[in-house]
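Student: Mind having a look at this structure? Questions to follow.
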Amino acid sequence: MKQQIDAAIKVLKEGGVILYPTDTIWGLGCDATNPEAVEKIFKIKQRSDSKSLITLVADLDMVGRYVKEIPEIAIQLVEVNDKPMTIIYPGAMGLAKNVIAEDGTAGIRIPDNEFCNKLISKFHKAIVSTSANISGNPAPATFEEIPQEIKDAADFIVAPEFEGNSTHSASQIIKVGLGCEIEIIRG
């Protein structure tokens with residue numbers, strides 16, 4: 001695992017794109033603070049850069065580096081949730097502009113996947129996580145379902161054996177506000 005993590009981090013630091021397992025589905029990822037790397041992901045996915053991207057972080061402390069204030073309701077949701085959950089936070093900061101939504105929010109998830117957590121912890125930065133497909137096509141649930149053109153476009157592919165406890169389905173998405181407002185975007 002260490003060799004795979006070190007190789008992935010080398011690519012991330014160089015502004016490259018990795019194909020890697022998460023707690024949900026396989027993702028295309030890059031350094032979420034590097035706008036040029038993020039642009040590569042939009043090109044691979046053939047997706048408009050007007051859409052924001054989800055990022056993965058190691059823990060709530062790391063969330064705090066990318067949002068002005070963590071709403072109390074978000075902390076409670078993270079503490080009680082037992083399935084993959086992306087929270088859309090207000091007041092995004094410190095991320096590439098092409099990761100942040102037009103309204104200044106950012107979708108951030110703390111994954112429950114050993115490989116993913118170790119990768120993020122060692123990289124010390126948020127990593128983009130978007131489905132490994134061409135925009136508009138179904139998201140592949142397993143490594144075998146990832147289109148070859150996506151595999152060919154990645155600068156590094158993590159060995160499929162590190163998939164771990166993936167759910168093989170997208171996370172729920174919940175938007176939170178500073179006044180404890182909650183909006184379920186995807187259940």
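By convention here, the chains of the structure tokens are called A, B, ... in the order presented, each chain's residues are numbered starting at 1, and ligands are numbered starting at 1 in the order presented.
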Can you list, as a ChimeraX atom specification, every residue of range 6-80 of chain A that DSSP puts in alpha helix (DSSP H)?
Tutor: /A:6-13,35-45,60-63,72-80
Student: Residues near Lys2 in chain A, anyone? I mean within 12 Å using only C-alpha atoms, not counting same-chain ones fewer than 3 positions away, as an mmCIF file with N, CA, C and O atoms, in the first residue's frame.
Tutor:
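And here is the file that came out, selection33.cif:
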```cif
data_model
loop_
_atom_site.group_PDB
_atom_site.id
_atom_site.type_symbol
_atom_site.label_atom_id
_atom_site.label_comp_id
_atom_site.auth_asym_id
_atom_site.auth_seq_id
_atom_site.Cartn_x
_atom_site.Cartn_y
_atom_site.Cartn_z
ATOM 1 N N ILE A 5 0.604 4.527 -2.502
ATOM 2 C CA ILE A 5 0.334 5.862 -1.969
ATOM 3 C C ILE A 5 1.440 6.831 -2.376
ATOM 4 O O ILE A 5 1.170 7.941 -2.840
ATOM 5 N N ASP A 6 2.684 6.410 -2.237
ATOM 6 C CA ASP A 6 3.812 7.269 -2.608
ATOM 7 C C ASP A 6 3.772 7.626 -4.095
ATOM 8 O O ASP A 6 4.008 8.777 -4.476
ATOM 9 N N ALA A 7 3.444 6.656 -4.944
ATOM 10 C CA ALA A 7 3.369 6.908 -6.391
ATOM 11 C C ALA A 7 2.228 7.870 -6.708
ATOM 12 O O ALA A 7 2.382 8.782 -7.528
ATOM 13 N N ALA A 8 1.082 7.683 -6.056
ATOM 14 C CA ALA A 8 -0.066 8.570 -6.283
ATOM 15 C C ALA A 8 0.257 9.988 -5.825
ATOM 16 O O ALA A 8 -0.061 10.961 -6.526
ATOM 17 N N ILE A 9 0.914 10.131 -4.688
ATOM 18 C CA ILE A 9 1.267 11.455 -4.174
ATOM 19 C C ILE A 9 2.243 12.161 -5.114
ATOM 20 O O ILE A 9 2.119 13.363 -5.365
ATOM 21 N N GLU A 114 -9.685 2.802 3.781
ATOM 22 C CA GLU A 114 -8.327 2.808 4.322
ATOM 23 C C GLU A 114 -7.318 3.425 3.358
ATOM 24 O O GLU A 114 -6.540 4.298 3.725
ATOM 25 N N PHE A 115 -7.332 2.983 2.111
ATOM 26 C CA PHE A 115 -6.367 3.507 1.146
ATOM 27 C C PHE A 115 -6.551 5.017 0.978
ATOM 28 O O PHE A 115 -5.601 5.794 1.037
ATOM 29 N N CYS A 116 -7.772 5.424 0.755
ATOM 30 C CA CYS A 116 -8.106 6.818 0.522
ATOM 31 C C CYS A 116 -7.687 7.691 1.713
ATOM 32 O O CYS A 116 -7.078 8.746 1.535
ATOM 33 N N LYS A 118 -5.416 7.103 4.025
ATOM 34 C CA LYS A 118 -3.956 7.175 4.146
ATOM 35 C C LYS A 118 -3.373 8.089 3.072
ATOM 36 O O LYS A 118 -2.445 8.849 3.341
ATOM 37 N N LEU A 119 -3.925 8.019 1.874
ATOM 38 C CA LEU A 119 -3.461 8.874 0.780
ATOM 39 C C LEU A 119 -3.662 10.352 1.142
ATOM 40 O O LEU A 119 -2.735 11.162 1.044
ATOM 41 N N LYS A 122 -1.432 11.561 4.081
ATOM 42 C CA LYS A 122 -0.021 11.729 3.714
ATOM 43 C C LYS A 122 0.160 12.899 2.738
ATOM 44 O O LYS A 122 1.187 13.568 2.756
ATOM 45 N N VAL A 158 -4.382 3.513 -9.349
ATOM 46 C CA VAL A 158 -4.157 2.733 -8.126
ATOM 47 C C VAL A 158 -4.589 1.291 -8.390
ATOM 48 O O VAL A 158 -5.590 1.049 -9.070
ATOM 49 N N ALA A 159 -3.840 0.352 -7.860
ATOM 50 C CA ALA A 159 -4.158 -1.067 -8.049
ATOM 51 C C ALA A 159 -5.562 -1.371 -7.511
ATOM 52 O O ALA A 159 -5.899 -0.968 -6.394
ATOM 53 N N PHE A 162 -6.904 -2.315 -3.819
ATOM 54 C CA PHE A 162 -7.068 -1.400 -2.691
ATOM 55 C C PHE A 162 -8.468 -0.799 -2.606
ATOM 56 O O PHE A 162 -8.709 0.136 -1.855
#
```
Student: Quick one: residues within 12 Å of Pro138 in chain A, only C-alpha atoms, excluding same-chain residues fewer than 6 positions away - as a short mmCIF file (atom, residue, chain, number, x, y, z; two decimals) with N, CA, C and O atoms, in the first residue's frame?
Tutor:
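Saved as around.cif:
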```cif
data_model
loop_
_atom_site.label_atom_id
_atom_site.label_comp_id
_atom_site.auth_asym_id
_atom_site.auth_seq_id
_atom_site.Cartn_x
_atom_site.Cartn_y
_atom_site.Cartn_z
N ILE A 25 -17.41 5.08 -5.08
CA ILE A 25 -17.05 4.52 -6.39
C ILE A 25 -15.63 4.96 -6.73
O ILE A 25 -15.05 5.79 -6.03
N LYS A 45 -13.28 14.36 -18.37
CA LYS A 45 -14.70 14.04 -18.24
C LYS A 45 -15.56 14.69 -19.34
O LYS A 45 -16.75 14.39 -19.43
N SER A 131 -16.62 11.04 -10.31
CA SER A 131 -16.81 9.72 -10.90
C SER A 131 -15.94 9.53 -12.14
O SER A 131 -15.72 10.46 -12.92
N ALA A 132 -15.48 8.32 -12.33
CA ALA A 132 -14.56 7.97 -13.41
C ALA A 132 -15.33 7.65 -14.69
O ALA A 132 -15.33 6.51 -15.17
N GLU A 145 -15.74 -1.59 -14.78
CA GLU A 145 -16.71 -0.82 -15.55
C GLU A 145 -16.18 0.54 -16.02
O GLU A 145 -16.84 1.23 -16.79
N ILE A 146 -14.99 0.93 -15.57
CA ILE A 146 -14.43 2.23 -15.96
C ILE A 146 -14.05 2.17 -17.44
O ILE A 146 -13.32 1.26 -17.86
N PRO A 147 -14.52 3.12 -18.24
CA PRO A 147 -14.17 3.12 -19.67
C PRO A 147 -12.66 3.21 -19.89
O PRO A 147 -11.95 3.90 -19.15
N SER A 169 -21.67 2.83 -4.94
CA SER A 169 -22.72 3.78 -5.31
C SER A 169 -22.33 5.16 -4.77
O SER A 169 -21.55 5.27 -3.83
N ALA A 170 -22.87 6.19 -5.40
CA ALA A 170 -22.52 7.56 -5.05
C ALA A 170 -22.97 7.90 -3.62
O ALA A 170 -23.90 7.30 -3.08
#
```
Student: Would you please give, as JSON, numbers by chain, all residues of chain A that DSSP assigns to strand (DSSP E) based on the backbone?
Tutor: {"A": [18, 19, 20, 27, 28, 29, 54, 55, 56, 85, 86, 87, 88, 89, 106, 107, 108, 109, 127, 128, 129, 130, 131, 156, 157, 172, 173, 174, 175, 176, 182, 183, 184, 185, 186]}
Student: Could you pull the residues within 9 Å of range 106-111 of chain A, counting only C-alpha atoms, minus those fewer than 3 positions along the same chain, as a ChimeraX atom specification?
Tutor: /A:22-24,52-60,63,66-67,78,84-93,95,99-101,103,114,116-117,126,171,173-175
Student: Got a sec: who's within 7 Å of Glu72 in chain A, counting only C-alpha atoms, leaving out chain neighbours fewer than 3 positions off, as an NGL selection string?
Tutor: :A and (75-76 or 180)
Student: Can you work out which one of A:Gly15, A:Asn137, A:Ala37, A:Glu161 has the shortest atom-to-atom distance to Met1 in chain A, counting only C-alpha atoms?
Tutor: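 The closest residue to Met1 in chain A is A:Glu161.
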Student: Find the residues near Ile157 in chain A: any atom within 7 Å, counting only C-alpha atoms, skip ones fewer than 3 places away on the same chain, and give them as a list in words.
Tutor: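 Near Ile157 in chain A, the qualifying residues are Ile18, Leu19, Tyr20 and Ala154 of chain A.
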Student: With C-alpha atoms retained, write the just-selected residues as a compact mmCIF listing (two decimals), in the first residue's frame.
Tutor:
```txt
# COMPACT_ATOMS: atom_id res chain seq x y z
CA ILE A 18 -5.05 9.73 -10.54
CA LEU A 19 -7.71 7.06 -10.83
CA TYR A 20 -8.32 5.75 -7.33
CA ALA A 154 -5.15 9.05 -15.93
```
Student: Nearest residue to Lys40 in chain A out of A:Glu181, A:Glu79, A:Asp155, A:Glu163, using only C-alpha atoms?
Tutor: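 Ranking A:Glu181, A:Glu79, A:Asp155, A:Glu163 by distance to Lys40 in chain A, first place goes to A:Asp155.
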Student: What's around Val17 in chain A at 12 Å? Count only C-alpha atoms, leave out sequence neighbours fewer than 3 positions away in its own chain, and write the answer as a count of residues only.
Tutor: 40
Student: Of the candidates A:Lys125, A:Lys51, A:His168, A:Arg65, which shows the shortest atom-to-atom distance to Asn98 in chain A, using only C-alpha atoms?
Tutor: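 Of A:Lys125, A:Lys51, A:His168, A:Arg65, the one nearest Asn98 in chain A is A:Lys51, counting only C-alpha atoms.
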Student: Considering only C-alpha atoms, state which residue in the set A:Gly64, A:Thr105, A:Thr167, A:Glu69 is at the smallest distance from Pro140 in chain A.
Tutor: A:Thr167
Student: Between CA of Gly164 in chain A and CA of Asn133 in chain A, what is the spacing in Å?
Tutor: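 CA of Gly164 in chain A lies 20.4 Å from CA of Asn133 in chain A.
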Student: So what do you get for CA of Asp49 in chain A versus CA of Gly104 in chain A, distance-wise?
Tutor: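 Calculated distance between CA of Asp49 in chain A and CA of Gly104 in chain A is 14.5 Å.
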Student: One number please: CA of Asn113 in chain A to CA of Arg47 in chain A, in Å, one decimal.
Tutor: 26.7 Å
